[in-house]
Amino acid sequence: MPDSWIDLPRDAEFGLATLPYGVFSTGGDGATRVGTAVGAHVLDLGAAARATGSPHADLLGAPNLDALLAAGRPVWDRVRADLVEWLTDPAHEAAVRPHLVDRDAVRLHLPFTVADYVDFYASEHHAANVGRMFRPGQEPLTPNWKHLPIGYHGRSGTIVASGTDIVRPTGQRKSPDDPAPVFGPSVRLDIEAEVGFVVGTPAPMGGRVAVDGFPDHVFGVFLLNDWSSRDLQAWEYVPLGPFLGKSFATSVSPWIVPLAALESARVEQPAQDPEPLPYLRGSGPWGLDLRLEVRLNGHPVSRPPFSQMYWTAAQQLAHMTVNGASLRTGDVYASGTVSGPEPGQRGSLLELSWSGKEPLRLPDGTERSFLEDGDEVVITATAPGPDGTVVHFGEVTGRILPAV
């Protein structure tokens, strides 16, 4: 990567290899602007585009990312190239520098309008752990699991920006020993450390997107915590699947890392056996070497490796549309819980505590099987960038409030 006229340490959290997009505000008027994180700053992209005479000033001067997402791959590539030029060519410094804002002084917002939301179940290690816990003595994976990416439609209206407090959900639950269900706050509240993808370019109803069409439709990648009530879910999910146990809140990180920033992170996915059907095959690898970290009340409890995911985001998109379902700008889909083969790589408390049978002991001496009121969860991630640089995803955070 070229050098920037900004003082950017090589290990800066948001260097030129990342340049993620987000939405921010300053002051008390609440007006939102599109920005990109660079080092300790946020660059006001609309103002910088106007100052440099960019033809994309209208897109970048919008109050959120919706217009940029809908503009398509050629525009995404041009804007990113312009952004690198603005930050590296000294000829642009006088025009661009006045539009850098201290990152500590901004408020971050949900960066785009969420359309639909689909959550997948793509980690073989996670699915096998759940199967061993809930179906002991049987095959841990269901017969369809290695033939298609399993997923469900979630609730887009409860996707919230990182930092939003999460109210403990209430509903029906029934343990195996209870004679009848009871109503009350969830007592098995959990996290799911996931990676999210946002669609930019739409696709019409009745068509379908091939695996190789993934980079033409998906704008970028972010972190996602799909909060889960395991007790509500266990009682309700047979026969139709997740509902109230999942729909109360899903937190997303505020910075969207463009797909173009992840070329150096592309890796082969784990071997797939049996070979997927032809519509789930592509010409290049779309495994991604993302390294997640989960912290509970400041303590690292897990480091899930995204490179171990059995189904890739490109295969998920192909499966999601193979029946003719349309794509809309702002559609979100998530990987499902990211878990690796080792105990310290599990992306949920359900797995880390083995359904409460092996409580997790934290360094401060406390124990957790599931989340308690006041607990705060922070998920971060990095990926390899070009020339030995590191791509940073920022963080997605949430704190648990008591049930209403």
# chains A, B, ... in the order shown; residues from 1 in each chain; ligands from 1
$ closest_atom_pairs --of "segment 179-269 of chain A" --to "segment 106-126 of chain A" --cutoff "9 Å" --atoms "only C-alpha atoms" --output "Markdown table"
| residue | atom | partner | partner_atom | distance |
| --- | --- | --- | --- | --- |
| A:Gly196 | CA | A:Asp119 | CA | 8.9 |
| A:Val198 | CA | A:Val114 | CA | 8.7 |
| A:Asp226 | CA | A:Asp119 | CA | 8.6 |
| A:Val252 | CA | A:Leu110 | CA | 7.9 |
| A:Ser253 | CA | A:Leu110 | CA | 8.2 |
| A:Pro254 | CA | A:Leu110 | CA | 6.1 |
| A:Trp255 | CA | A:Pro111 | CA | 7.6 |
| A:Ile256 | CA | A:Pro111 | CA | 8.0 |
$ residues_around --residues "Pro304 of chain A" --least-positions-apart "3" --cutoff "12 Å" --atoms "only C-alpha atoms" --output "PyMOL selection string"
chain A and resi 123+125-126+192-195+289-295+300-301+307-309+337-348+351-352+379-382
$ residues_around --residues "segment 7-19 of chain A" --least-positions-apart "6" --cutoff "12 Å" --atoms "only C-alpha atoms" --output "ChimeraX atom specification"
/A:1,35-43,45,79-88,97,103,220-222,255-265,380-395
$ select_by_dssp --residues "segment 239-283 of chain A" --states "alpha helix (DSSP H)" --output "PyMOL selection string"
chain A and resi 244-247
$ write_last_selection --atoms "all heavy atoms" --output "compact mmCIF listing (two decimals), in the first residue's frame"
# COMPACT_ATOMS: atom_id res chain seq x y z
N LEU A 244 -39.33 -16.34 18.47
CA LEU A 244 -39.12 -15.36 19.54
C LEU A 244 -37.74 -15.50 20.19
O LEU A 244 -37.21 -14.52 20.71
CB LEU A 244 -40.20 -15.50 20.60
CG LEU A 244 -41.65 -15.24 20.16
CD1 LEU A 244 -42.58 -15.32 21.36
CD2 LEU A 244 -41.78 -13.91 19.45
N GLY A 245 -37.18 -16.70 20.17
CA GLY A 245 -35.87 -16.91 20.77
C GLY A 245 -34.75 -16.19 20.03
O GLY A 245 -33.64 -16.08 20.54
N LYS A 246 -35.05 -15.70 18.81
CA LYS A 246 -34.03 -15.02 18.01
C LYS A 246 -34.42 -13.59 17.62
O LYS A 246 -33.55 -12.78 17.31
CB LYS A 246 -33.81 -15.81 16.71
CG LYS A 246 -33.22 -17.18 16.90
CD LYS A 246 -31.73 -17.10 17.11
CE LYS A 246 -31.10 -18.48 16.99
NZ LYS A 246 -29.63 -18.41 17.05
N SER A 247 -35.70 -13.27 17.57
CA SER A 247 -36.15 -12.06 16.90
C SER A 247 -36.07 -10.79 17.74
O SER A 247 -36.37 -9.71 17.25
CB SER A 247 -37.60 -12.24 16.42
OG SER A 247 -38.47 -12.42 17.53
$ closest_residue --among "A:Gly184, A:Ser4, A:Thr164, A:Ser355" --to "Asn129 of chain A" --atoms "only C-alpha atoms"
A:Ser355
$ atom_distance --atom1 "atom CA of Arg266 of chain A" --atom2 "atom CA of Ala313 of chain A"
11.6 Å
$ closest_residue --among "A:Pro402, A:Ile166, A:Arg73, A:Trp354" --to "Asn225 of chain A" --atoms "only C-alpha atoms"
A:Ile166
$ select_by_dssp --residues "segment 145-387 of chain A" --states "strand (DSSP E)" --output "VMD selection string"
chain A and resid 151 to 153 159 to 161 166 to 167 170 to 173 182 to 185 189 to 190 193 to 199 218 to 225 228 to 229 250 to 252 257 to 258 266 to 267 287 to 288 291 to 296 299 to 302 332 to 334 360 to 361 367 to 368 376 to 384
$ closest_residue --among "A:Ser186, A:Thr329, A:Asn64, A:Thr312" --to "Phe24 of chain A" --atoms "only C-alpha atoms"
A:Asn64
$ residues_around --residues "Gln233 of chain A" --least-positions-apart "4" --cutoff "9 Å" --atoms "only C-alpha atoms" --output "list in words"
Arg173, Ser228, Ser229, Tyr237, Val238, Gly241, Pro242, Phe243, Leu244, Gly245 and Lys246 of chain A
$ closest_residue --among "A:Gln316, A:Ser326, A:Ser335, A:Ser302" --to "Leu349 of chain A" --atoms "only C-alpha atoms"
A:Ser302
$ atom_distance --atom1 "atom CA of Thr201 of chain A" --atom2 "atom CA of Asp331 of chain A"
9.8 Å
$ closest_residue --among "A:Val218, A:Val160, A:Val187, A:Leu280" --to "Leu232 of chain A" --atoms "only C-alpha atoms"
A:Val187
$ residues_around --residues "Gln172 of chain A" --least-positions-apart "2" --cutoff "8 Å" --atoms "only C-alpha atoms" --output "list in words"
Thr170, Lys174, Pro181, Val182, Phe183, Gly184, Leu232 and Trp235 of chain A
$ write_last_selection --atoms "N, CA, C and O atoms" --output "PDB file, in the first residue's frame"
ATOM      1  N   THR A 170     -38.554 -11.902  27.134  1.00  0.00           N
ATOM      2  CA  THR A 170     -39.520 -12.634  27.942  1.00  0.00           C
ATOM      3  C   THR A 170     -40.387 -13.496  27.026  1.00  0.00           C
ATOM      4  O   THR A 170     -40.665 -13.118  25.897  1.00  0.00           O
ATOM      5  N   LYS A 174     -40.052 -24.057  28.793  1.00  0.00           N
ATOM      6  CA  LYS A 174     -40.423 -25.302  29.478  1.00  0.00           C
ATOM      7  C   LYS A 174     -39.210 -26.211  29.507  1.00  0.00           C
ATOM      8  O   LYS A 174     -38.694 -26.611  28.464  1.00  0.00           O
ATOM      9  N   PRO A 181     -45.554 -25.315  30.450  1.00  0.00           N
ATOM     10  CA  PRO A 181     -44.700 -24.144  30.234  1.00  0.00           C
ATOM     11  C   PRO A 181     -44.975 -23.043  31.247  1.00  0.00           C
ATOM     12  O   PRO A 181     -46.084 -22.939  31.788  1.00  0.00           O
ATOM     13  N   VAL A 182     -43.951 -22.223  31.478  1.00  0.00           N
ATOM     14  CA  VAL A 182     -44.079 -21.051  32.340  1.00  0.00           C
ATOM     15  C   VAL A 182     -43.760 -19.825  31.499  1.00  0.00           C
ATOM     16  O   VAL A 182     -43.146 -19.918  30.442  1.00  0.00           O
ATOM     17  N   PHE A 183     -44.178 -18.664  31.996  1.00  0.00           N
ATOM     18  CA  PHE A 183     -43.934 -17.403  31.292  1.00  0.00           C
ATOM     19  C   PHE A 183     -43.033 -16.526  32.140  1.00  0.00           C
ATOM     20  O   PHE A 183     -43.257 -16.379  33.351  1.00  0.00           O
ATOM     21  N   GLY A 184     -42.003 -15.949  31.519  1.00  0.00           N
ATOM     22  CA  GLY A 184     -41.113 -15.076  32.269  1.00  0.00           C
ATOM     23  C   GLY A 184     -39.855 -14.766  31.493  1.00  0.00           C
ATOM     24  O   GLY A 184     -39.710 -15.179  30.331  1.00  0.00           O
ATOM     25  N   LEU A 232     -36.301 -20.072  25.379  1.00  0.00           N
ATOM     26  CA  LEU A 232     -37.454 -19.789  24.535  1.00  0.00           C
ATOM     27  C   LEU A 232     -37.360 -20.577  23.236  1.00  0.00           C
ATOM     28  O   LEU A 232     -38.346 -21.148  22.756  1.00  0.00           O
ATOM     29  N   TRP A 235     -38.262 -24.439  23.395  1.00  0.00           N
ATOM     30  CA  TRP A 235     -39.679 -24.768  23.545  1.00  0.00           C
ATOM     31  C   TRP A 235     -40.458 -24.489  22.264  1.00  0.00           C
ATOM     32  O   TRP A 235     -41.411 -25.187  21.944  1.00  0.00           O
TER      33      TRP A 235
END
$ residues_around --residues "Tyr279 of chain A" --least-positions-apart "3" --cutoff "8 Å" --atoms "only C-alpha atoms" --output "ChimeraX atom specification"
/A:210-211,276,318-319,322
